[in-house]
Amino acid sequence: MKFAKAYEPGEYEAEVYGAWEAAGVFLPKKQEMVSLGQFPSEHAEGEDLAQYSSEPAPGRLGQVFMAPQSIGPKPVARQRAFSIVMPPPNANGNLHIGHGLTIAIQDTLVRYHRLLGEPTWYIPGADHAGFETWVVYERVLEKQKQTRFMFTREELYARVWDFVQEQRGGMELQVRALGASCSWRDLTFTLDENVVRRVYATFEKMWKDGLIYRGEKLVNYCTKHQTAFADIEVVHRDEEGTLWSVAYPLLDGTGEIVVSTTRPETMFGDVAVAVNPADERYKEMIGRRLKLPLTERDIPVIADEHAEIEYGTGAVKITPAHDYDDFEVGERHDLPRLTVIGFDGKMLPAAGEYAGMESLDCRKKVLKDLAVAGLLRGEKKISHVVAHCYKCDTVVEPLLKDQWFIDVEKLAARAIEHLERGEIKFYPESKGRVLVNYLKNLHDWNISRQIPWGIAIPMFRRVDTEGADGRPEWIFDNRTHLSEIEIGGVRYKRDEDTFDTWFSSGHWPIVCTNWEEGLENPFYPLNVMETGADILFAWVARMIMIGLYVTDEVPFREVYLHGLVLDEKGQKMSKSKGNVINPMELVGKYGSDAFRLGILRGRSAGMNQAFAENSVISGRNLCNKLWNIARLVQGMVDAEVAENGYSVSELTTGAERAYETNRMGEDWICRELEGCRVELMKMLEEYRLAEAVELLHATIWDKYADWFVESQKLAPNIPLLTHTLAVILTMLHPFAPFVTETIWQNLSWTEGLLISQQWPLKLIYDEISAEKFERLMDVVSETRGTLQRLPGGKKWALLYGDDSLVAENSELVKFLTRVPEVVSVEGQPRGLRLALANNELYLDVPEKVVLEYKESLEERILAVGRELDALNLRMMNPRYVERAPAELVRETRNAIAEKEALIEGLKRELKVI
RNA sequence: GGAUCUUUAGCUCAGCUGGCUAGAGCGUACGAUUCACAUUCGUAAGGUCGCUGGUUCGAGCCCAGCAAGAUCCACCA
């Protein structure tokens, strides 16, 4: 006996994964592709698909990219292949529960498609996680009492590189532990040479197409991290604030205007006061000049719709350099931009005597000084939205900065066009519309980041002279390893900034599949992009825009978005709440399969759903159940071999019909398995994985184990048992790869690796025979239920009258019900009649016990009577008979007849007593 | 301010294009025990499907309105 008493995942998982990897089954096989007509014949047989991986060596982190050489003539047509990319986990981090979910979903899909015989390519990734890693590294520097300003950009980059290398590896082991059947040879790191090359190519194209511009615009700036952020990286929160009223006197001393502001410290950057043109109160003030308090400057009163009559005093100070609205007002009125807060969050010389102060300290002093000058006219608590850094929660300051922007108008329009044409199918469907809505309101994309850890922006500025028009002259050059270059005797200095990581991540499907212009690539577009719904805008939107821009095709045909994994109370997981669930802990405790089954259960597309250890326990139990089924079947096989000398090869499972169905339950289980097989395929196509897990659980446990295997104990049908077990193992394999493979390796009659077997073929069965077993199941269930309800708890014999089904299967009924005897009763029936319409069955109990049971019987009659009433009511409605489908009406009639017969029988029983 | 989603058993969720007595896992109660599995077996209890209308022979499902909760987007001084 090779099977231990219980399945201990820890004893097999690493070994099984190693066997898969060693066998090379995760790689997309070239052989398959040749047969599909994808590759020219001059390539040697057996050679794998190296040209579709950018790099032959495993783990190519940081290695030099080797461009694919000639791939040969274009193949005729794209064949069915299955490709999917892993959203790259942080290279130097640990997997969190969200990764666990992603991998469970993706790997299940990949394994299913592999079993279907499609060439599959699951491409793993590792993310340099620009800002995330940078924040971690800055903390390391801090501990060493150093700051970023002590090093050059190159030094910092090199140091972080080494830091990442040291920390690296854990994540990849964790991905393996989850069973991801990804092609490790093709691991793509977001700073790989081919990624950088592709990103530069796109940037150059955009530069030439005029989509890139450098502009001094307001950017979201974190003064702690000293970098700008894209809009989506900023967290907006409702907060309590104060709205102050400050009087600005007219220059000629004839009056004043009281303005409302939440940020008095920015007043040194005021360049105007705006009032609404329709505001009667201020009509004659427009065009006059105001003295800016605490300064020597004076500013005009302008008319602009931006000033709302109802809000505050109706007059608003205009500070174009520190407020988005004011920036636009400034543009409209051609006002200067006066910056008074620096990138370090301190006041600049423009603030006069306040220069050098922290902006918040400055606010306090300004308020005090205004009060002293008698210009502070009141304050009011308000609730307003404040922007924060998503990492350190510092209030994000809108600051003027020269940055690279992408003009997104055309990119977004094109994405919308393809989305509206329905070229990408979304799960859940609503997210497609949400995305279009987002793209319609997209602002230009700031792609500059002041973080050394990232891909350098390949732009160089002429240093010795300015351009002809006196403005800085920028050129594109991809030699970013140099901080300065010389072209034709002119020196250019590299921009110090790096790309927003989403700009490079937006290329993910392109770089992972090694898409190249003019070459047919069976793996691009991806079949499906599976990722978190929270990065629909940040990532999915960018991949679509960039994919279309670079390849003229949408980068994937379907998008499956999973929601957040919440804790068991439905709360968001967070370190501060201490409710974070570590997937690796669960894998260690219950096994990888149990984790996968557990995390998939109760989860549907796009929804934030709770997750509890219970579901993992349920998964663990299923694995153990399956293990024990296999243990039993193998035992039966061993006994058969010993007794009848079967050779194991006679028990192979490959043929469509390697079995005969003779006895009760055999056709039935084939029917149930066939139904499960077909339904599973449908569910997997529609990404209904949670339902698929439930279906498998019910089929394996409630049907296969509880009824079929149980029945088989009386007289095992070995070819059928081995065949059906193989079918079950194959169907469960995508979800629970380790236990199914381990069993496959332990069974004496199986060959090869389960991972590379074929998805089961149609099962053949006889419908009438299957139906019959179902009726026998009713008999068994009713007998068990009645025995349970009978007082005394004693076991009674089962008597049958004119009942061929029970007569022919009396041994099986006896075995399944555990009654001491199943015997025919001649003549006058006795005992308690079972509540079955189609069978005449009695439990041989004394009259005394029947009497005690009488109440329960009456209740039963009433219950059936209520059901009968409901059915009759329906039939009494002439419009039902008239309009409902005939089939349905017929079924209702049958049901009525059956219930009437049942009640009749039960009533007769009562009278007997 | 805009948008999306959710509301079904004690808990977490299914319920596909409207069709018979609304399901599962976990939990609960009762019973079983050396027969593959106590990570087990059997049985049972538990639901006016958020509320109000409408469409329909028929509504958990479709439509309208309301209520509660969640999430995302947004520059209101």
# chains A, B, ... in the order shown; residues from 1 in each chain; ligands from 1
>>> residues_around(residues="C51 (chain B)", least_positions_apart="5", cutoff="12 Å", atoms="only C-alpha atoms (C1' of nucleotides)", output="PyMOL selection string")
chain B and resi 7+65-68
>>> closest_atom_pairs(of="chain B", to="chain A", cutoff="9 Å", atoms="only C-alpha atoms (C1' of nucleotides)", output="Markdown table")
| residue | atom | partner | partner_atom | distance |
| --- | --- | --- | --- | --- |
| B:A3 | C1' | A:Val434 | CA | 7.5 |
| B:U4 | C1' | A:Val434 | CA | 7.1 |
| B:C5 | C1' | A:Met607 | CA | 7.7 |
| B:U6 | C1' | A:Met607 | CA | 8.6 |
| B:C11 | C1' | A:Glu568 | CA | 8.9 |
| B:U12 | C1' | A:Ala610 | CA | 6.7 |
| B:C13 | C1' | A:Gly602 | CA | 4.8 |
| B:A14 | C1' | A:Glu691 | CA | 6.9 |
| B:G19 | C1' | A:Leu888 | CA | 7.5 |
| B:C20 | C1' | A:Thr892 | CA | 6.9 |
| B:U21 | C1' | A:Glu867 | CA | 6.9 |
| B:A24 | C1' | A:Glu694 | CA | 7.0 |
| B:G25 | C1' | A:Ser615 | CA | 6.9 |
| B:C26 | C1' | A:Asn614 | CA | 6.0 |
| B:G31 | C1' | A:Gln788 | CA | 7.4 |
| B:A36 | C1' | A:Leu632 | CA | 4.5 |
| B:C37 | C1' | A:Asn628 | CA | 5.4 |
| B:U39 | C1' | A:Asn621 | CA | 4.8 |
| B:G42 | C1' | A:Arg784 | CA | 7.4 |
| B:U43 | C1' | A:Gln788 | CA | 6.0 |
| B:C57 | C1' | A:Tyr880 | CA | 3.8 |
| B:G58 | C1' | A:Tyr880 | CA | 7.8 |
| B:A70 | C1' | A:Asn608 | CA | 8.6 |
| B:U71 | C1' | A:Asn608 | CA | 8.5 |
| B:C72 | C1' | A:Asp534 | CA | 8.2 |
| B:C73 | C1' | A:Tyr438 | CA | 7.5 |
| B:C75 | C1' | A:Tyr324 | CA | 5.0 |
| B:C76 | C1' | A:Asp325 | CA | 8.3 |
| B:A77 | C1' | A:Thr261 | CA | 5.5 |
>>> select_by_dssp(residues="region 271-456 of chain A", states="helix (DSSP H, G or I)", output="tab-separated table (two decimals) with N, CA, C and O atoms, in the first residue's frame")
chain	number	residue	atom	x	y	z
A	280	GLU	N	-23.72	90.85	-8.23
A	280	GLU	CA	-24.03	92.29	-8.12
A	280	GLU	C	-23.16	92.99	-7.08
A	280	GLU	O	-22.81	94.15	-7.24
A	281	ARG	N	-22.80	92.27	-6.02
A	281	ARG	CA	-22.07	92.88	-4.93
A	281	ARG	C	-20.73	93.47	-5.36
A	281	ARG	O	-20.24	94.45	-4.82
A	282	TYR	N	-20.13	92.80	-6.33
A	282	TYR	CA	-18.75	93.19	-6.67
A	282	TYR	C	-18.63	93.82	-8.05
A	282	TYR	O	-17.54	94.07	-8.52
A	283	LYS	N	-19.78	94.04	-8.70
A	283	LYS	CA	-19.76	94.47	-10.09
A	283	LYS	C	-18.79	95.63	-10.34
A	283	LYS	O	-17.99	95.59	-11.28
A	284	GLU	N	-18.86	96.64	-9.51
A	284	GLU	CA	-18.05	97.81	-9.80
A	284	GLU	C	-16.60	97.68	-9.33
A	284	GLU	O	-15.77	98.53	-9.58
A	285	MET	N	-16.31	96.60	-8.62
A	285	MET	CA	-14.93	96.37	-8.16
A	285	MET	C	-14.05	95.83	-9.29
A	285	MET	O	-12.83	95.96	-9.26
A	324	TYR	N	-5.05	74.02	-8.51
A	324	TYR	CA	-5.40	73.60	-9.87
A	324	TYR	C	-6.41	74.53	-10.53
A	324	TYR	O	-6.29	74.87	-11.70
A	325	ASP	N	-7.42	74.93	-9.77
A	325	ASP	CA	-8.43	75.82	-10.33
A	325	ASP	C	-7.82	77.16	-10.70
A	325	ASP	O	-8.05	77.70	-11.77
A	326	ASP	N	-7.02	77.66	-9.76
A	326	ASP	CA	-6.42	78.97	-9.97
A	326	ASP	C	-5.46	78.94	-11.15
A	326	ASP	O	-5.33	79.92	-11.88
A	327	PHE	N	-4.83	77.80	-11.35
A	327	PHE	CA	-3.93	77.65	-12.49
A	327	PHE	C	-4.70	77.91	-13.78
A	327	PHE	O	-4.25	78.64	-14.66
A	328	GLU	N	-5.89	77.33	-13.84
A	328	GLU	CA	-6.71	77.51	-15.05
A	328	GLU	C	-7.23	78.93	-15.18
A	328	GLU	O	-7.26	79.49	-16.29
A	329	VAL	N	-7.60	79.51	-14.06
A	329	VAL	CA	-8.04	80.91	-14.09
A	329	VAL	C	-6.88	81.77	-14.61
A	329	VAL	O	-7.06	82.64	-15.46
A	330	GLY	N	-5.69	81.48	-14.11
A	330	GLY	CA	-4.50	82.21	-14.53
A	330	GLY	C	-4.26	82.10	-16.03
A	330	GLY	O	-3.91	83.08	-16.68
A	331	GLU	N	-4.48	80.87	-16.54
A	331	GLU	CA	-4.30	80.67	-17.98
A	331	GLU	C	-5.28	81.54	-18.76
A	331	GLU	O	-4.92	82.17	-19.75
A	332	ARG	N	-6.54	81.56	-18.29
A	332	ARG	CA	-7.59	82.30	-18.99
A	332	ARG	C	-7.30	83.81	-19.01
A	332	ARG	O	-7.59	84.49	-19.97
A	333	HIS	N	-6.72	84.29	-17.92
A	333	HIS	CA	-6.53	85.72	-17.80
A	333	HIS	C	-5.07	86.14	-17.99
A	333	HIS	O	-4.71	87.29	-17.74
A	349	PRO	N	11.75	82.67	-0.99
A	349	PRO	CA	12.02	84.11	-0.80
A	349	PRO	C	10.85	84.99	-1.23
A	349	PRO	O	10.66	86.08	-0.65
A	350	ALA	N	10.06	84.55	-2.16
A	350	ALA	CA	8.92	85.35	-2.61
A	350	ALA	C	7.97	85.66	-1.46
A	350	ALA	O	7.15	86.58	-1.53
A	351	ALA	N	8.07	84.86	-0.39
A	351	ALA	CA	7.19	85.07	0.76
A	351	ALA	C	7.77	86.13	1.71
A	351	ALA	O	7.29	86.28	2.83
A	352	GLY	N	8.81	86.79	1.25
A	352	GLY	CA	9.36	87.87	2.05
A	352	GLY	C	9.91	87.40	3.38
A	352	GLY	O	10.69	86.43	3.43
A	353	GLU	N	9.47	88.04	4.42
A	353	GLU	CA	10.03	87.72	5.74
A	353	GLU	C	9.64	86.32	6.20
A	353	GLU	O	10.16	85.82	7.19
A	354	TYR	N	8.67	85.70	5.53
A	354	TYR	CA	8.23	84.37	5.93
A	354	TYR	C	9.08	83.27	5.28
A	354	TYR	O	8.89	82.10	5.54
A	359	SER	N	5.49	75.45	5.65
A	359	SER	CA	4.27	76.12	5.20
A	359	SER	C	3.19	76.19	6.29
A	359	SER	O	2.47	77.19	6.39
A	360	LEU	N	3.12	75.15	7.12
A	360	LEU	CA	2.09	75.17	8.15
A	360	LEU	C	2.39	76.19	9.24
A	360	LEU	O	1.50	76.86	9.77
A	361	ASP	N	3.69	76.34	9.58
A	361	ASP	CA	4.10	77.36	10.55
A	361	ASP	C	3.79	78.74	9.99
A	361	ASP	O	3.34	79.64	10.71
A	362	CYS	N	4.07	78.86	8.71
A	362	CYS	CA	3.83	80.12	8.04
A	362	CYS	C	2.35	80.49	8.11
A	362	CYS	O	1.99	81.64	8.34
A	363	ARG	N	1.48	79.46	7.93
A	363	ARG	CA	0.05	79.70	7.97
A	363	ARG	C	-0.34	80.34	9.32
A	363	ARG	O	-1.04	81.33	9.37
A	364	LYS	N	0.19	79.74	10.38
A	364	LYS	CA	-0.15	80.24	11.72
A	364	LYS	C	0.28	81.70	11.88
A	364	LYS	O	-0.45	82.53	12.40
A	365	LYS	N	1.51	81.97	11.42
A	365	LYS	CA	2.03	83.33	11.59
A	365	LYS	C	1.25	84.33	10.73
A	365	LYS	O	0.95	85.45	11.18
A	366	VAL	N	0.93	83.91	9.52
A	366	VAL	CA	0.17	84.80	8.63
A	366	VAL	C	-1.18	85.14	9.28
A	366	VAL	O	-1.60	86.31	9.30
A	367	LEU	N	-1.83	84.12	9.84
A	367	LEU	CA	-3.13	84.35	10.46
A	367	LEU	C	-3.00	85.33	11.62
A	367	LEU	O	-3.82	86.23	11.79
A	368	LYS	N	-1.93	85.13	12.39
A	368	LYS	CA	-1.70	86.01	13.54
A	368	LYS	C	-1.47	87.45	13.06
A	368	LYS	O	-2.08	88.40	13.58
A	369	ASP	N	-0.62	87.58	12.06
A	369	ASP	CA	-0.28	88.91	11.56
A	369	ASP	C	-1.49	89.59	10.93
A	369	ASP	O	-1.68	90.81	11.05
A	370	LEU	N	-2.32	88.78	10.26
A	370	LEU	CA	-3.53	89.35	9.65
A	370	LEU	C	-4.48	89.84	10.73
A	370	LEU	O	-5.10	90.90	10.62
A	371	ALA	N	-4.55	89.05	11.80
A	371	ALA	CA	-5.42	89.44	12.91
A	371	ALA	C	-4.94	90.74	13.52
A	371	ALA	O	-5.74	91.64	13.80
A	372	VAL	N	-3.63	90.84	13.69
A	372	VAL	CA	-3.05	92.05	14.25
A	372	VAL	C	-3.38	93.25	13.35
A	372	VAL	O	-3.74	94.33	13.83
A	409	GLU	N	-5.13	62.45	-25.28
A	409	GLU	CA	-6.41	62.56	-25.99
A	409	GLU	C	-6.59	61.51	-27.08
A	409	GLU	O	-7.58	60.78	-27.10
A	410	LYS	N	-5.59	61.42	-27.97
A	410	LYS	CA	-5.72	60.47	-29.08
A	410	LYS	C	-5.67	59.04	-28.59
A	410	LYS	O	-6.39	58.16	-29.07
A	411	LEU	N	-4.76	58.79	-27.64
A	411	LEU	CA	-4.61	57.42	-27.11
A	411	LEU	C	-5.91	56.96	-26.47
A	411	LEU	O	-6.38	55.84	-26.70
A	412	ALA	N	-6.51	57.84	-25.70
A	412	ALA	CA	-7.74	57.48	-25.01
A	412	ALA	C	-8.87	57.30	-26.02
A	412	ALA	O	-9.65	56.35	-25.92
A	413	ALA	N	-8.93	58.18	-26.99
A	413	ALA	CA	-10.01	58.11	-27.99
A	413	ALA	C	-9.96	56.77	-28.72
A	413	ALA	O	-10.98	56.13	-28.97
A	414	ARG	N	-8.74	56.35	-29.03
A	414	ARG	CA	-8.59	55.10	-29.76
A	414	ARG	C	-9.00	53.92	-28.87
A	414	ARG	O	-9.67	52.98	-29.32
A	415	ALA	N	-8.61	53.98	-27.61
A	415	ALA	CA	-8.99	52.91	-26.69
A	415	ALA	C	-10.51	52.84	-26.56
A	415	ALA	O	-11.11	51.76	-26.61
A	416	ILE	N	-11.13	54.01	-26.44
A	416	ILE	CA	-12.59	54.06	-26.31
A	416	ILE	C	-13.24	53.43	-27.54
A	416	ILE	O	-14.18	52.63	-27.43
A	417	GLU	N	-12.71	53.79	-28.69
A	417	GLU	CA	-13.26	53.27	-29.94
A	417	GLU	C	-13.26	51.74	-29.95
A	417	GLU	O	-14.27	51.10	-30.26
A	418	HIS	N	-12.13	51.16	-29.58
A	418	HIS	CA	-12.04	49.68	-29.59
A	418	HIS	C	-12.89	49.06	-28.49
A	418	HIS	O	-13.44	47.99	-28.67
A	419	LEU	N	-12.95	49.76	-27.36
A	419	LEU	CA	-13.75	49.23	-26.26
A	419	LEU	C	-15.23	49.26	-26.62
A	419	LEU	O	-15.98	48.32	-26.36
A	420	GLU	N	-15.63	50.36	-27.25
A	420	GLU	CA	-17.04	50.47	-27.60
A	420	GLU	C	-17.43	49.50	-28.70
A	420	GLU	O	-18.59	49.15	-28.84
A	430	SER	N	-19.66	45.19	-16.20
A	430	SER	CA	-19.82	46.62	-15.93
A	430	SER	C	-18.50	47.39	-15.97
A	430	SER	O	-18.48	48.59	-16.24
A	431	LYS	N	-17.40	46.69	-15.71
A	431	LYS	CA	-16.11	47.38	-15.65
A	431	LYS	C	-15.71	47.95	-17.01
A	431	LYS	O	-14.93	48.91	-17.06
A	432	GLY	N	-16.21	47.38	-18.07
A	432	GLY	CA	-15.91	47.90	-19.40
A	432	GLY	C	-16.47	49.31	-19.55
A	432	GLY	O	-15.81	50.22	-20.05
A	433	ARG	N	-17.69	49.49	-19.08
A	433	ARG	CA	-18.33	50.81	-19.16
A	433	ARG	C	-17.64	51.80	-18.22
A	433	ARG	O	-17.44	52.96	-18.57
A	434	VAL	N	-17.27	51.30	-17.04
A	434	VAL	CA	-16.58	52.15	-16.08
A	434	VAL	C	-15.27	52.67	-16.69
A	434	VAL	O	-14.91	53.83	-16.55
A	435	LEU	N	-14.60	51.78	-17.40
A	435	LEU	CA	-13.33	52.14	-18.01
A	435	LEU	C	-13.50	53.19	-19.10
A	435	LEU	O	-12.74	54.16	-19.18
A	436	VAL	N	-14.50	53.01	-19.92
A	436	VAL	CA	-14.77	53.99	-20.98
A	436	VAL	C	-15.05	55.36	-20.36
A	436	VAL	O	-14.53	56.38	-20.81
A	437	ASN	N	-15.84	55.34	-19.33
A	437	ASN	CA	-16.18	56.58	-18.63
A	437	ASN	C	-14.92	57.28	-18.10
A	437	ASN	O	-14.78	58.50	-18.21
A	438	TYR	N	-14.01	56.48	-17.58
A	438	TYR	CA	-12.75	57.03	-17.07
A	438	TYR	C	-11.92	57.63	-18.21
A	438	TYR	O	-11.39	58.74	-18.10
A	439	LEU	N	-11.84	56.89	-19.30
A	439	LEU	CA	-11.01	57.34	-20.42
A	439	LEU	C	-11.56	58.62	-21.03
A	439	LEU	O	-10.81	59.44	-21.55
A	440	LYS	N	-12.86	58.79	-20.95
A	440	LYS	CA	-13.46	60.00	-21.53
A	440	LYS	C	-13.07	61.25	-20.75
A	440	LYS	O	-13.14	62.36	-21.27
>>> select_by_dssp(residues="region 522-759 of chain A", states="strand (DSSP E)", output="count of residues only")
18
>>> residues_around(residues="Ser505 (chain A)", least_positions_apart="6", cutoff="8 Å", atoms="only C-alpha atoms (C1' of nucleotides)", output="list in words")
Thr190, Trp539 and Met543 of chain A
>>> atom_distance(atom1="CA of His481 (chain A)", atom2="CA of Trp161 (chain A)")
14.4 Å
>>> residues_around(residues="Leu732 (chain A)", least_positions_apart="6", cutoff="10 Å", atoms="only C-alpha atoms (C1' of nucleotides)", output="JSON, numbers by chain")
{"A": [108, 112, 623, 626, 680, 692, 693, 696, 697, 700, 726, 739, 740]}
>>> atom_distance(atom1="CA of Tyr765 (chain A)", atom2="CA of Trp668 (chain A)")
7.4 Å
>>> residues_around(residues="Thr551 (chain A)", least_positions_apart="3", cutoff="12 Å", atoms="only C-alpha atoms (C1' of nucleotides)", output="PyMOL selection string")
chain A and resi 198+202+507+509-511+514-521+524-525+543-548+554-556
>>> write_last_selection(atoms="N, CA and C atoms", output="CSV table (one decimal), in the first residue's frame")
chain,number,residue,atom,x,y,z
A,198,ARG,N,12.0,48.4,-25.3
A,198,ARG,CA,10.6,48.6,-25.9
A,198,ARG,C,10.0,49.9,-25.4
A,202,THR,N,8.8,53.1,-27.7
A,202,THR,CA,7.4,53.7,-27.7
A,202,THR,C,7.6,55.2,-27.4
A,507,HIS,N,3.3,48.3,-21.0
A,507,HIS,CA,3.9,47.5,-22.1
A,507,HIS,C,3.9,46.0,-21.8
A,509,PRO,N,2.0,43.1,-21.7
A,509,PRO,CA,1.7,42.1,-22.6
A,509,PRO,C,2.6,42.0,-23.9
A,510,ILE,N,3.0,43.2,-24.2
A,510,ILE,CA,3.9,43.3,-25.4
A,510,ILE,C,5.3,42.7,-25.1
A,511,VAL,N,5.9,43.1,-24.0
A,511,VAL,CA,7.2,42.7,-23.6
A,511,VAL,C,7.3,41.2,-23.2
A,514,ASN,N,7.1,39.0,-26.2
A,514,ASN,CA,8.1,39.4,-27.2
A,514,ASN,C,7.5,39.7,-28.5
A,515,TRP,N,6.4,40.5,-28.4
A,515,TRP,CA,5.8,41.0,-29.7
A,515,TRP,C,6.8,41.8,-30.5
A,516,GLU,N,6.9,41.6,-31.8
A,516,GLU,CA,7.8,42.4,-32.6
A,516,GLU,C,7.0,42.8,-33.9
A,517,GLU,N,7.2,44.0,-34.3
A,517,GLU,CA,6.5,44.5,-35.4
A,517,GLU,C,6.7,43.6,-36.7
A,518,GLY,N,5.7,43.3,-37.3
A,518,GLY,CA,5.8,42.6,-38.6
A,518,GLY,C,5.9,41.1,-38.4
A,519,LEU,N,6.0,40.6,-37.2
A,519,LEU,CA,6.1,39.2,-37.0
A,519,LEU,C,4.8,38.6,-36.4
A,520,GLU,N,4.3,37.6,-36.9
A,520,GLU,CA,3.1,37.0,-36.4
A,520,GLU,C,3.5,36.4,-35.0
A,521,ASN,N,2.6,36.6,-34.0
A,521,ASN,CA,2.9,36.1,-32.7
A,521,ASN,C,1.6,35.4,-32.2
A,524,TYR,N,0.1,36.8,-28.8
A,524,TYR,CA,-0.3,38.2,-28.7
A,524,TYR,C,-1.4,38.4,-29.7
A,525,PRO,N,-2.5,39.0,-29.3
A,525,PRO,CA,-2.9,39.4,-27.9
A,525,PRO,C,-3.1,38.3,-26.9
A,543,MET,N,-2.4,49.6,-20.4
A,543,MET,CA,-2.0,48.5,-21.3
A,543,MET,C,-2.8,48.6,-22.6
A,544,ILE,N,-4.1,49.0,-22.5
A,544,ILE,CA,-4.9,49.1,-23.7
A,544,ILE,C,-4.5,50.2,-24.6
A,545,MET,N,-4.2,51.4,-24.0
A,545,MET,CA,-3.8,52.6,-24.8
A,545,MET,C,-2.5,52.3,-25.4
A,546,ILE,N,-1.5,51.8,-24.7
A,546,ILE,CA,-0.2,51.6,-25.2
A,546,ILE,C,-0.2,50.4,-26.2
A,547,GLY,N,-0.9,49.3,-25.8
A,547,GLY,CA,-1.0,48.2,-26.7
A,547,GLY,C,-1.5,48.6,-28.1
A,548,LEU,N,-2.6,49.4,-28.1
A,548,LEU,CA,-3.1,49.8,-29.4
A,548,LEU,C,-2.1,50.7,-30.1
A,554,VAL,N,-5.7,45.4,-29.7
A,554,VAL,CA,-5.9,45.4,-28.2
A,554,VAL,C,-5.0,44.3,-27.7
A,555,PRO,N,-4.4,44.5,-26.5
A,555,PRO,CA,-3.4,43.6,-26.0
A,555,PRO,C,-4.0,42.3,-25.4
A,556,PHE,N,-5.3,42.3,-25.2
A,556,PHE,CA,-5.9,41.0,-24.7
A,556,PHE,C,-7.4,41.0,-25.1
>>> residues_around(residues="Ser504 (chain A)", least_positions_apart="2", cutoff="8 Å", atoms="only C-alpha atoms (C1' of nucleotides)", output="list in words")
Thr190, Val195, Val196, Val199, Phe499, Asp500, Thr501, Trp502, Gly506, His507 and Trp508 of chain A
>>> write_last_selection(atoms="C-alpha atoms", output="mmCIF file, in the first residue's frame")
data_model
loop_
_atom_site.group_PDB
_atom_site.id
_atom_site.type_symbol
_atom_site.label_atom_id
_atom_site.label_comp_id
_atom_site.auth_asym_id
_atom_site.auth_seq_id
_atom_site.Cartn_x
_atom_site.Cartn_y
_atom_site.Cartn_z
ATOM 1 C CA THR A 190 10.391 45.068 -15.286
ATOM 2 C CA VAL A 195 11.564 46.023 -21.440
ATOM 3 C CA VAL A 196 13.676 49.164 -21.386
ATOM 4 C CA VAL A 199 9.682 51.423 -23.532
ATOM 5 C CA PHE A 499 9.386 57.003 -15.783
ATOM 6 C CA ASP A 500 6.199 56.463 -13.880
ATOM 7 C CA THR A 501 6.182 52.660 -13.498
ATOM 8 C CA TRP A 502 2.767 52.434 -15.130
ATOM 9 C CA GLY A 506 1.611 49.440 -19.766
ATOM 10 C CA HIS A 507 3.853 47.465 -22.129
ATOM 11 C CA TRP A 508 3.529 44.239 -20.139
#
>>> residues_around(residues="G46 (chain B)", least_positions_apart="5", cutoff="12 Å", atoms="only C-alpha atoms (C1' of nucleotides)", output="PyMOL selection string")
chain B and resi 9-10+27-29
